[in-house]
file model.cif (mmCIF, C-alpha atoms)
data_coords
loop_
_atom_site.group_PDB
_atom_site.id
_atom_site.type_symbol
_atom_site.label_atom_id
_atom_site.label_comp_id
_atom_site.auth_asym_id
_atom_site.auth_seq_id
_atom_site.Cartn_x
_atom_site.Cartn_y
_atom_site.Cartn_z
ATOM 1 C CA MET A 1 290.131 310.332 167.324
ATOM 2 C CA ASN A 2 288.712 309.560 163.882
ATOM 3 C CA SER A 3 286.572 312.672 164.124
ATOM 4 C CA ILE A 4 289.589 314.818 165.027
ATOM 5 C CA LEU A 5 291.651 313.339 162.188
ATOM 6 C CA ASP A 6 288.857 313.986 159.702
ATOM 7 C CA GLU A 7 288.612 317.582 160.888
ATOM 8 C CA LEU A 8 292.369 318.007 160.483
ATOM 9 C CA LYS A 9 292.285 316.488 157.005
ATOM 10 C CA TYR A 10 289.627 318.868 155.716
ATOM 11 C CA ALA A 11 290.548 321.868 157.890
ATOM 12 C CA PHE A 12 290.998 324.313 155.019
ATOM 13 C CA GLN A 13 288.152 322.968 152.901
ATOM 14 C CA ARG A 14 285.374 323.604 155.393
ATOM 15 C CA PRO A 15 283.968 327.074 156.056
ATOM 16 C CA ASN A 16 283.938 328.500 159.581
ATOM 17 C CA ASN A 17 286.654 326.091 160.682
ATOM 18 C CA GLY A 18 289.188 328.480 162.170
ATOM 19 C CA LEU A 19 289.806 326.368 165.283
ATOM 20 C CA MET A 20 291.063 323.400 163.271
ATOM 21 C CA GLN A 21 292.992 325.691 160.922
ATOM 22 C CA ILE A 22 294.898 327.118 163.898
ATOM 23 C CA ILE A 23 295.692 323.589 165.076
ATOM 24 C CA VAL A 24 296.858 322.556 161.596
ATOM 25 C CA ILE A 25 299.129 325.606 161.256
ATOM 26 C CA ASN A 26 300.754 324.769 164.601
ATOM 27 C CA LEU A 27 301.248 321.155 163.507
ATOM 28 C CA ILE A 28 302.710 322.104 160.127
ATOM 29 C CA ILE A 29 305.298 324.432 161.687
ATOM 30 C CA PHE A 30 306.178 321.832 164.346
ATOM 31 C CA LEU A 31 306.671 319.077 161.764
ATOM 32 C CA ALA A 32 308.604 321.361 159.415
ATOM 33 C CA LEU A 33 311.055 322.282 162.192
ATOM 34 C CA LEU A 34 311.355 318.627 163.150
ATOM 35 C CA LEU A 35 312.212 317.650 159.572
ATOM 36 C CA ILE A 36 314.836 320.393 159.451
ATOM 37 C CA TRP A 37 316.287 319.572 162.876
ATOM 38 C CA VAL A 38 317.168 315.925 162.145
ATOM 39 C CA PRO A 39 319.500 316.387 159.132
ATOM 40 C CA LEU A 40 321.068 319.567 160.511
ATOM 41 C CA THR A 41 321.817 317.907 163.839
ATOM 42 C CA ILE A 42 323.290 314.798 162.202
ATOM 43 C CA SER A 43 325.515 316.963 160.007
ATOM 44 C CA ASN A 44 326.712 319.033 162.994
ATOM 45 C CA GLU A 45 324.937 322.138 161.718
ATOM 46 C CA SER A 46 322.658 322.663 164.700
ATOM 47 C CA ASN A 47 323.628 326.337 164.718
ATOM 48 C CA ILE A 48 321.761 326.742 161.421
ATOM 49 C CA TYR A 49 318.689 325.152 162.991
ATOM 50 C CA SER A 50 318.950 327.587 165.905
ATOM 51 C CA LEU A 51 319.042 330.502 163.474
ATOM 52 C CA ILE A 52 315.891 329.218 161.766
ATOM 53 C CA VAL A 53 313.974 328.772 165.024
ATOM 54 C CA ASP A 54 315.162 332.198 166.112
ATOM 55 C CA GLN A 55 313.115 333.709 163.276
ATOM 56 C CA PHE A 56 309.932 332.379 164.908
ATOM 57 C CA THR A 57 310.810 333.046 168.544
ATOM 58 C CA LEU A 58 309.770 336.189 170.429
ATOM 59 C CA PRO A 59 312.737 337.928 172.100
ATOM 60 C CA ALA A 60 312.439 339.888 175.340
ATOM 61 C CA SER A 61 315.011 342.374 174.050
ATOM 62 C CA LEU A 62 313.469 345.425 172.368
ATOM 63 C CA GLY A 63 316.677 345.903 170.367
ATOM 64 C CA LYS A 64 316.273 342.468 168.839
ATOM 65 C CA LEU A 65 312.508 342.738 168.433
ATOM 66 C CA ILE A 66 312.918 345.784 166.191
ATOM 67 C CA TYR A 67 314.634 343.600 163.604
ATOM 68 C CA GLN A 68 312.111 340.765 163.758
ATOM 69 C CA PRO A 69 308.709 342.239 164.708
ATOM 70 C CA TRP A 70 306.835 339.375 163.008
ATOM 71 C CA THR A 71 307.825 337.130 165.932
ATOM 72 C CA LEU A 72 305.060 338.789 167.991
ATOM 73 C CA VAL A 73 302.726 336.615 165.884
ATOM 74 C CA THR A 74 304.860 333.631 164.849
ATOM 75 C CA TYR A 75 305.852 332.717 168.400
ATOM 76 C CA PHE A 76 302.350 331.520 169.308
ATOM 77 C CA PHE A 77 302.226 329.155 166.338
ATOM 78 C CA THR A 78 305.614 327.564 167.047
ATOM 79 C CA HIS A 79 306.677 324.630 169.234
ATOM 80 C CA GLU A 80 309.804 322.502 169.491
ATOM 81 C CA ARG A 81 308.861 319.947 172.139
ATOM 82 C CA PHE A 82 306.314 317.191 171.524
ATOM 83 C CA PHE A 83 304.507 317.348 174.870
ATOM 84 C CA HIS A 84 304.435 321.132 174.712
ATOM 85 C CA ILE A 85 302.468 321.138 171.464
ATOM 86 C CA LEU A 86 300.408 318.067 172.457
ATOM 87 C CA PHE A 87 298.952 319.565 175.622
ATOM 88 C CA ASN A 88 298.539 323.019 174.109
ATOM 89 C CA LEU A 89 296.572 321.728 171.143
ATOM 90 C CA LEU A 90 294.478 319.290 173.163
ATOM 91 C CA PHE A 91 293.375 322.051 175.528
ATOM 92 C CA LEU A 92 292.814 324.381 172.607
ATOM 93 C CA TYR A 93 290.600 321.776 170.931
ATOM 94 C CA TRP A 94 288.592 320.835 174.033
ATOM 95 C CA PHE A 95 287.878 324.352 175.247
ATOM 96 C CA GLY A 96 287.775 325.866 171.767
ATOM 97 C CA LYS A 97 284.948 323.473 170.872
ATOM 98 C CA ILE A 98 282.880 324.897 173.730
ATOM 99 C CA ILE A 99 283.355 328.466 172.472
ATOM 100 C CA GLN A 100 282.780 327.355 168.880
ATOM 101 C CA GLU A 101 279.521 325.599 169.710
ATOM 102 C CA PHE A 102 277.943 328.427 171.668
ATOM 103 C CA LEU A 103 279.570 331.614 170.344
ATOM 104 C CA GLY A 104 280.816 330.631 166.891
ATOM 105 C CA ASP A 105 284.137 329.812 165.298
ATOM 106 C CA GLU A 106 285.074 333.472 164.850
ATOM 107 C CA LYS A 107 285.218 334.020 168.613
ATOM 108 C CA VAL A 108 287.666 331.126 169.065
ATOM 109 C CA VAL A 109 290.024 332.597 166.482
ATOM 110 C CA ASN A 110 289.769 336.067 168.002
ATOM 111 C CA LEU A 111 290.433 334.781 171.517
ATOM 112 C CA TYR A 112 293.470 332.796 170.388
ATOM 113 C CA ILE A 113 295.044 335.620 168.390
ATOM 114 C CA LEU A 114 294.337 338.358 170.928
ATOM 115 C CA GLY A 115 295.546 336.114 173.766
ATOM 116 C CA GLY A 116 298.796 335.451 171.906
ATOM 117 C CA LEU A 117 299.350 339.125 171.117
ATOM 118 C CA VAL A 118 298.551 340.355 174.622
ATOM 119 C CA GLY A 119 300.689 337.593 176.140
ATOM 120 C CA GLY A 120 303.638 338.572 173.944
ATOM 121 C CA VAL A 121 303.332 342.296 174.660
ATOM 122 C CA PHE A 122 302.978 341.679 178.405
ATOM 123 C CA TYR A 123 306.038 339.420 178.368
ATOM 124 C CA ILE A 124 308.154 342.103 176.683
ATOM 125 C CA LEU A 125 306.913 344.881 178.967
ATOM 126 C CA ILE A 126 307.534 342.929 182.176
ATOM 127 C CA TYR A 127 311.059 341.965 181.178
ATOM 128 C CA ASN A 128 311.928 345.544 180.252
ATOM 129 C CA LEU A 129 310.198 347.367 183.114
ATOM 130 C CA ILE A 130 310.697 345.212 186.223
ATOM 131 C CA PRO A 131 314.258 345.235 187.602
ATOM 132 C CA TYR A 132 314.084 341.578 188.694
ATOM 133 C CA PHE A 133 313.952 340.462 185.046
ATOM 134 C CA GLN A 134 316.130 343.081 183.356
ATOM 135 C CA ASN A 135 319.413 341.219 183.805
ATOM 136 C CA GLN A 136 317.832 338.238 182.001
ATOM 137 C CA ILE A 137 316.652 340.120 178.898
ATOM 138 C CA SER A 138 319.501 339.235 176.548
ATOM 139 C CA GLY A 139 318.983 335.486 176.805
ATOM 140 C CA SER A 140 315.197 335.407 177.189
ATOM 141 C CA GLU A 141 312.998 334.251 174.329
ATOM 142 C CA MET A 142 309.546 332.724 174.140
ATOM 143 C CA LEU A 143 307.624 330.402 171.857
ATOM 144 C CA GLY A 144 304.473 328.315 172.141
ATOM 145 C CA ALA A 145 300.715 328.753 171.873
ATOM 146 C CA SER A 146 300.097 328.802 175.631
ATOM 147 C CA ALA A 147 299.030 332.464 175.918
ATOM 148 C CA GLY A 148 296.428 332.016 173.183
ATOM 149 C CA VAL A 149 295.324 328.687 174.655
ATOM 150 C CA TYR A 150 294.914 330.221 178.108
ATOM 151 C CA ALA A 151 292.735 332.934 176.572
ATOM 152 C CA VAL A 152 290.474 330.268 175.079
ATOM 153 C CA VAL A 153 290.420 328.162 178.263
ATOM 154 C CA VAL A 154 289.592 331.070 180.576
ATOM 155 C CA GLY A 155 287.189 332.502 178.006
ATOM 156 C CA ALA A 156 285.247 329.231 177.951
ATOM 157 C CA ALA A 157 285.299 329.012 181.755
ATOM 158 C CA THR A 158 284.063 332.603 182.052
ATOM 159 C CA PHE A 159 281.255 332.036 179.578
ATOM 160 C CA MET A 160 280.120 328.622 180.883
ATOM 161 C CA PRO A 161 281.734 328.149 184.316
ATOM 162 C CA ASN A 162 279.617 325.133 185.264
ATOM 163 C CA TYR A 163 280.189 323.196 182.048
ATOM 164 C CA SER A 164 281.759 319.851 182.993
ATOM 165 C CA ILE A 165 284.504 317.849 181.293
ATOM 166 C CA PRO A 166 285.148 314.200 182.269
ATOM 167 C CA LEU A 167 288.722 313.726 183.504
ATOM 168 C CA ILE A 168 290.503 310.425 184.064
ATOM 169 C CA LEU A 169 290.371 309.347 187.755
ATOM 170 C CA LEU A 170 288.442 312.496 188.700
ATOM 171 C CA GLY A 171 285.260 312.154 186.683
ATOM 172 C CA PRO A 172 283.246 315.217 185.576
ATOM 173 C CA VAL A 173 284.937 318.478 186.611
ATOM 174 C CA ARG A 174 283.549 321.966 186.051
ATOM 175 C CA ILE A 175 285.768 323.924 183.703
ATOM 176 C CA LYS A 176 285.949 326.919 186.048
ATOM 177 C CA TYR A 177 288.004 324.767 188.423
ATOM 178 C CA ILE A 178 290.242 323.516 185.620
ATOM 179 C CA ALA A 179 290.908 327.085 184.470
ATOM 180 C CA LEU A 180 291.510 328.278 188.039
ATOM 181 C CA PHE A 181 294.006 325.462 188.659
ATOM 182 C CA PHE A 182 296.116 326.380 185.622
ATOM 183 C CA VAL A 183 295.978 330.108 186.390
ATOM 184 C CA ILE A 184 297.243 329.454 189.941
ATOM 185 C CA MET A 185 300.014 327.199 188.643
ATOM 186 C CA SER A 186 301.109 329.899 186.178
ATOM 187 C CA TYR A 187 301.094 332.512 188.931
ATOM 188 C CA VAL A 188 303.353 330.337 191.094
ATOM 189 C CA GLY A 189 305.615 329.770 188.081
ATOM 190 C CA THR A 190 306.264 333.488 187.520
ATOM 191 C CA ALA A 191 309.159 333.263 189.986
ATOM 192 C CA GLY A 192 310.580 330.103 188.442
ATOM 193 C CA SER A 193 312.758 329.193 185.466
ATOM 194 C CA ASN A 194 309.908 329.726 182.970
ATOM 195 C CA ALA A 195 308.835 333.066 184.386
ATOM 196 C CA GLY A 196 308.329 334.669 180.982
ATOM 197 C CA GLY A 197 306.093 331.887 179.716
ATOM 198 C CA ASN A 198 303.967 331.954 182.861
ATOM 199 C CA LEU A 199 303.613 335.727 182.661
ATOM 200 C CA ALA A 200 302.320 335.322 179.112
ATOM 201 C CA HIS A 201 299.889 332.654 180.366
ATOM 202 C CA LEU A 202 298.455 335.066 182.917
ATOM 203 C CA ALA A 203 298.117 337.834 180.348
ATOM 204 C CA GLY A 204 296.320 335.476 177.966
ATOM 205 C CA ALA A 205 294.036 334.330 180.786
ATOM 206 C CA GLY A 206 293.223 337.935 181.664
ATOM 207 C CA LEU A 207 292.402 338.670 178.030
ATOM 208 C CA GLY A 208 290.087 335.647 177.877
ATOM 209 C CA PHE A 209 288.173 336.826 180.942
ATOM 210 C CA LEU A 210 287.920 340.429 179.700
ATOM 211 C CA PHE A 211 286.923 339.345 176.184
ATOM 212 C CA ILE A 212 283.910 337.340 177.386
ATOM 213 C CA LYS A 213 282.821 339.929 179.943
ATOM 214 C CA GLN A 214 282.893 342.657 177.304
ATOM 215 C CA LEU A 215 281.093 340.407 174.831
ATOM 216 C CA GLN A 216 278.322 339.878 177.366
ATOM 217 C CA ARG A 217 277.992 343.659 177.562
ATOM 218 C CA GLY A 218 277.703 343.950 173.798
ATOM 219 C CA ASN A 219 281.322 344.942 173.066
ATOM 220 C CA ASP A 220 283.230 342.660 170.700
ATOM 221 C CA LEU A 221 286.959 343.166 171.325
ATOM 222 C CA GLY A 222 287.699 340.797 168.472
ATOM 223 C CA ARG A 223 286.099 342.880 165.736
ATOM 224 C CA PRO A 224 289.427 344.401 164.539
ATOM 225 C CA VAL A 225 290.900 340.895 164.272
ATOM 226 C CA THR A 226 287.920 339.696 162.245
ATOM 227 C CA GLN A 227 288.120 342.676 159.905
ATOM 228 C CA PHE A 228 291.849 342.189 159.390
ATOM 229 C CA LEU A 229 291.442 338.475 158.642
ATOM 230 C CA VAL A 230 288.630 339.184 156.175
ATOM 231 C CA PHE A 231 290.884 341.710 154.473
ATOM 232 C CA MET A 232 293.758 339.207 154.272
ATOM 233 C CA LYS A 233 291.482 336.437 152.963
ATOM 234 C CA SER A 234 290.339 338.694 150.146
ATOM 235 C CA PHE A 235 293.807 338.302 148.595
ATOM 236 C CA PHE A 236 293.691 334.509 148.639
ATOM 237 C CA VAL A 237 290.023 333.479 148.493
ATOM 238 C CA ARG A 238 288.222 334.110 145.259
ATOM 239 C CA GLN A 239 284.709 335.248 145.963
ATOM 240 C CA PRO A 240 282.027 333.905 143.627
ATOM 241 C CA LYS A 241 280.854 336.348 141.013
ATOM 242 C CA VAL A 242 277.104 336.369 141.070
ATOM 243 C CA LYS A 243 275.062 337.862 138.313
ATOM 244 C CA VAL A 244 271.363 337.559 138.896
ATOM 245 C CA SER A 245 268.974 338.412 136.109
ATOM 246 C CA TYR A 246 265.271 337.923 135.566
ATOM 247 C CA ARG A 247 263.927 336.620 132.293
ATOM 248 C CA ARG A 248 260.262 337.120 131.698
ATOM 249 C CA SER A 249 258.350 334.643 129.563
ATOM 250 C CA LYS A 250 256.311 335.947 126.681
ATOM 251 C CA SER A 251 252.815 334.998 125.583
ATOM 252 C CA SER A 252 251.968 333.973 122.048
ATOM 253 C CA ASN A 253 251.122 337.570 121.082
ATOM 254 C CA GLY A 254 254.543 338.813 122.218
ATOM 255 C CA HIS A 255 253.370 340.530 125.378
ATOM 256 C CA SER A 256 254.668 339.762 128.871
ATOM 257 C CA ALA A 257 252.778 336.989 130.634
ATOM 258 C CA THR A 258 254.345 337.561 134.014
ATOM 259 C CA SER A 259 251.773 337.655 136.744
ATOM 260 C CA LYS A 260 251.774 339.874 139.797
ATOM 261 C CA LYS A 261 252.513 336.828 141.890
ATOM 262 C CA ALA A 262 255.619 336.052 139.828
ATOM 263 C CA LYS A 263 256.799 339.645 140.180
ATOM 264 C CA ALA A 264 256.335 339.498 143.936
ATOM 265 C CA THR A 265 258.272 336.228 144.107
ATOM 266 C CA TYR A 266 261.107 337.716 142.067
ATOM 267 C CA GLU A 267 261.306 340.816 144.228
ATOM 268 C CA THR A 268 261.455 338.662 147.372
ATOM 269 C CA LYS A 269 264.248 336.513 145.936
ATOM 270 C CA GLN A 270 266.155 339.584 144.802
ATOM 271 C CA GLU A 271 265.958 341.065 148.297
ATOM 272 C CA GLU A 272 267.309 337.816 149.731
ATOM 273 C CA ILE A 273 270.224 337.796 147.288
ATOM 274 C CA ASP A 274 270.980 341.457 148.015
ATOM 275 C CA ALA A 275 271.019 340.702 151.753
ATOM 276 C CA ILE A 276 273.384 337.767 151.186
ATOM 277 C CA LEU A 277 275.728 339.893 149.081
ATOM 278 C CA ASP A 278 275.706 342.568 151.781
ATOM 279 C CA LYS A 279 276.630 339.899 154.333
ATOM 280 C CA ILE A 280 279.564 338.776 152.175
ATOM 281 C CA SER A 281 280.738 342.359 151.873
ATOM 282 C CA ALA A 282 280.596 342.864 155.629
ATOM 283 C CA ASN A 283 281.813 339.533 156.984
ATOM 284 C CA GLY A 284 283.179 337.498 154.071
ATOM 285 C CA TYR A 285 281.911 334.463 152.204
ATOM 286 C CA ASP A 286 282.626 332.087 155.103
ATOM 287 C CA SER A 287 280.048 333.868 157.265
ATOM 288 C CA LEU A 288 277.190 332.530 155.127
ATOM 289 C CA THR A 289 275.034 329.653 156.311
ATOM 290 C CA ARG A 290 274.683 326.524 154.198
ATOM 291 C CA GLU A 291 271.205 327.657 153.095
ATOM 292 C CA GLU A 292 272.471 331.101 152.081
ATOM 293 C CA LYS A 293 275.292 329.581 150.039
ATOM 294 C CA LYS A 294 272.799 327.323 148.262
ATOM 295 C CA LYS A 295 270.560 330.290 147.430
ATOM 296 C CA LEU A 296 273.565 332.192 146.107
ATOM 297 C CA PHE A 297 274.677 329.214 144.024
ATOM 298 C CA ASP A 298 271.168 328.677 142.613
ATOM 299 C CA ALA A 299 270.885 332.368 141.787
ATOM 300 C CA SER A 300 274.199 332.314 139.936
ATOM 301 C CA LYS A 301 272.840 329.572 137.628
ATOM 302 C CA SER A 302 269.583 331.336 136.863
ATOM 303 C CA GLU A 303 271.009 333.810 134.398
#

call {"tool": "encode", "arguments": {"input": "model.cif", "output": "C-alpha cells"}}
result
Amino acid sequence: MNSILDELKYAFQRPNNGLMQIIVINLIIFLALLLIWVPLTISNESNIYSLIVDQFTLPASLGKLIYQPWTLVTYFFTHERFFHILFNLLFLYWFGKIIQEFLGDEKVVNLYILGGLVGGVFYILIYNLIPYFQNQISGSEMLGASAGVYAVVVGAATFMPNYSIPLILLGPVRIKYIALFFVIMSYVGTAGSNAGGNLAHLAGAGLGFLFIKQLQRGNDLGRPVTQFLVFMKSFFVRQPKVKVSYRRSKSSNGHSATSKKAKATYETKQEEIDAILDKISANGYDSLTREEKKKLFDASKSE
C-alpha cells in the first residue's frame, strides 16, 4: 500500500507514469463530485448535482450526445459509487502493471483510452440500432472506467495468458481465467438491468484482445492516441531548450590544439545528442531513458 500511495503522490512528477496518472484523474473527479454532492444534498439542491454529473455522463440518445460530445471521453474517468471506482482502479492497477512492465507505459494508456472510446461507441450504436433497447434510450446513460479497464485486463491476459495472480482463498490463478470469468459475467449481464454497461465491457474486452494481437503482428493500433497525447502535452509541458556548442582549446601560439581523438569524441557525442533530439521530436520528452536525459542535461551545460 505504501508503494501505491507513493506512486499516487508523485504521479505527475515521474516520466512514463501514465497508468498512475489515469488512476489519479479518476480519483480527483470522484472526490470532487463527492465534495459537491454533500452540501448540495443537505441544502436540497440535489438537482444541481445531477446537472453537474450529467455533463460527465455518456447518454445513449444521439440527440443529447450532439450537445455534449465530450462525454464520450469524460464518462470513463467518472464514478459516483465507492465500490465501483475501487474495483475498477484495483483491476486497472494490477493488470496495467503487467502491461507496463513488459510492453511499456504507453501501451497501458492506449489500451485504456481506446477501450473507453470503443466501449462508448458500441454502447450508443447498440441502443440506437437494436429494437430491444430503443425504448430505453431516453433514460439510458453510462459512466465508469469499466470499458477501459476490461481492455487492459483482456489485453494483459492475451499477451501473457499464463501469468498468475494470487487470489484470496484460491491461491495463484492464471489471468486468462480471471479475464474469461469477467467476460462471461458481462455477457450474461447484457440482458439485465445494467445491459449498457455490460455491452461496453464486452466492447472494451474485444478491443483489448484485438490490440494485443495486432501488436504481435507489428501493427500498433494505439499510435494515433500516442501522437494526439504528445501533441496535447506540447501545450503544457515545456521542453528543455538545448544548445550544444564545442569550444576548442588553444595552444600557447594561438593555434588549435584539438587532437583527432578529441574531434572524434565530439562527433560521437554530437550524433548521440542529435539522436536524442530526434527521439523527443518523434515521441516527446517522456520517451527518453534516464541515461538519455542525463546526456541531454549534461550537454545543455557544456555551452

call {"tool": "residues_around", "arguments": {"input": "model.cif", "residues": "range 100-103 of chain A", "least_positions_apart": "4", "cutoff": "12 Å", "atoms": "all atoms listed in the file", "output": "list in words"}}
result
Asn16, Asn17, Gly18, Leu19, Met20, Leu92, Tyr93, Trp94, Phe95, Gly96, Lys107, Val108, Val109, Asn110, Leu111, Val152, Gly155, Ala156, Phe159, Met160, Tyr163, Ile212, Leu215, Gln216 and Asp220 of chain A

call {"tool": "atom_distance", "arguments": {"input": "model.cif", "atom1": "CA of Phe30 in chain A", "atom2": "CA of Phe122 in chain A"}}
result
24.5 Å

call {"tool": "atom_distance", "arguments": {"input": "model.cif", "atom1": "CA of Leu202 in chain A", "atom2": "CA of Gly63 in chain A"}}
result
24.6 Å

call {"tool": "residues_around", "arguments": {"input": "model.cif", "residues": "Leu62 in chain A", "least_positions_apart": "4", "cutoff": "10 Å", "atoms": "all atoms listed in the file", "output": "number ranges by chain"}}
result
A: 66-69, 124-125, 127-128, 137-138

call {"tool": "closest_residue", "arguments": {"input": "model.cif", "among": "A:Ile98, A:Val183, A:Phe228, A:Leu27", "to": "Ile85 in chain A", "atoms": "only C-alpha atoms"}}
result
A:Leu27

call {"tool": "resolve_selection", "arguments": {"input": "model.cif", "expression": "the PyMOL selection byres ((chain A and resi 148) around 7)", "output": "ChimeraX atom specification"}}
result
/A:111-113,115-116,145-147,149-152,204

call {"tool": "atom_distance", "arguments": {"input": "model.cif", "atom1": "CA of Leu117 in chain A", "atom2": "CA of Ala200 in chain A"}}
result
9.3 Å

call {"tool": "residues_near_point", "arguments": {"input": "model.cif", "point": "(286.2, 336.4, 182.9)", "cutoff": "6 Å", "atoms": "all atoms listed in the file", "output": "CSV table (one decimal) with C-alpha atoms, keeping the file's coordinate frame"}}
result
chain,number,residue,atom,x,y,z
A,158,THR,CA,284.1,332.6,182.1
A,209,PHE,CA,288.2,336.8,180.9
A,210,LEU,CA,287.9,340.4,179.7
A,213,LYS,CA,282.8,339.9,179.9

call {"tool": "residues_around", "arguments": {"input": "model.cif", "residues": "Thr57 in chain A", "least_positions_apart": "6", "cutoff": "8 Å", "atoms": "all atoms listed in the file", "output": "number ranges by chain"}}
result
A: 71, 74-75, 78, 141-143

call {"tool": "resolve_selection", "arguments": {"input": "model.cif", "expression": "the PyMOL selection byres ((chain A and resi 24) around 10)", "output": "number ranges by chain"}}
result
A: 7-9, 11-12, 18-23, 25-30, 77, 89

call {"tool": "axis_aligned_box", "arguments": {"input": "model.cif", "around": "range 102-106 of chain A", "padding_each_side": "3 Å", "output": "lines of an AutoDock Vina configuration file"}}
result
center_x = 281.5
center_y = 330.9
center_z = 168.3
size_x = 13.1
size_y = 11.0
size_z = 12.8

call {"tool": "decode", "arguments": {"input": "model.cif", "residues": "range 158-177 of chain A", "atoms": "N, CA and C atoms", "output": "short mmCIF file (atom, residue, chain, number, x, y, z; two decimals), in the first residue's frame"}}
result
data_model
loop_
_atom_site.label_atom_id
_atom_site.label_comp_id
_atom_site.auth_asym_id
_atom_site.auth_seq_id
_atom_site.Cartn_x
_atom_site.Cartn_y
_atom_site.Cartn_z
N THR A 158 -4.33 -11.65 -22.89
CA THR A 158 -4.00 -12.08 -24.25
C THR A 158 -2.49 -12.13 -24.44
N PHE A 159 -1.80 -11.16 -23.87
CA PHE A 159 -0.35 -11.09 -24.02
C PHE A 159 0.37 -12.14 -23.17
N MET A 160 -0.07 -12.32 -21.92
CA MET A 160 0.57 -13.28 -21.02
C MET A 160 -0.50 -14.13 -20.34
N PRO A 161 -1.13 -15.03 -21.08
CA PRO A 161 -2.27 -15.79 -20.55
C PRO A 161 -1.95 -16.63 -19.33
N ASN A 162 -0.73 -17.10 -19.20
CA ASN A 162 -0.38 -17.99 -18.10
C ASN A 162 0.25 -17.28 -16.91
N TYR A 163 0.28 -15.96 -16.95
CA TYR A 163 0.76 -15.18 -15.81
C TYR A 163 -0.22 -15.36 -14.65
N SER A 164 0.28 -15.64 -13.46
CA SER A 164 -0.58 -15.94 -12.32
C SER A 164 -0.63 -14.79 -11.32
N ILE A 165 -1.82 -14.60 -10.75
CA ILE A 165 -2.02 -13.62 -9.68
C ILE A 165 -2.57 -14.35 -8.46
N PRO A 166 -1.98 -14.16 -7.28
CA PRO A 166 -2.51 -14.83 -6.08
C PRO A 166 -3.83 -14.21 -5.63
N LEU A 167 -4.86 -15.03 -5.48
CA LEU A 167 -6.16 -14.56 -5.03
C LEU A 167 -6.49 -15.17 -3.67
N ILE A 168 -7.16 -14.40 -2.83
CA ILE A 168 -7.54 -14.88 -1.51
C ILE A 168 -8.44 -16.11 -1.64
N LEU A 169 -8.13 -17.15 -0.86
CA LEU A 169 -8.86 -18.42 -0.81
C LEU A 169 -8.58 -19.33 -2.00
N LEU A 170 -8.19 -18.74 -3.14
CA LEU A 170 -7.98 -19.54 -4.35
C LEU A 170 -6.51 -19.81 -4.64
N GLY A 171 -5.64 -18.94 -4.15
CA GLY A 171 -4.22 -19.08 -4.45
C GLY A 171 -3.90 -18.52 -5.82
N PRO A 172 -2.77 -18.93 -6.41
CA PRO A 172 -2.38 -18.41 -7.74
C PRO A 172 -3.37 -18.83 -8.83
N VAL A 173 -3.84 -17.86 -9.59
CA VAL A 173 -4.78 -18.12 -10.68
C VAL A 173 -4.25 -17.46 -11.94
N ARG A 174 -4.24 -18.17 -13.04
CA ARG A 174 -3.78 -17.61 -14.31
C ARG A 174 -4.75 -16.53 -14.78
N ILE A 175 -4.18 -15.44 -15.27
CA ILE A 175 -5.03 -14.28 -15.58
C ILE A 175 -5.96 -14.53 -16.76
N LYS A 176 -5.68 -15.53 -17.58
CA LYS A 176 -6.61 -15.83 -18.68
C LYS A 176 -7.95 -16.31 -18.13
N TYR A 177 -7.92 -17.00 -16.99
CA TYR A 177 -9.17 -17.47 -16.39
C TYR A 177 -9.91 -16.33 -15.70
#
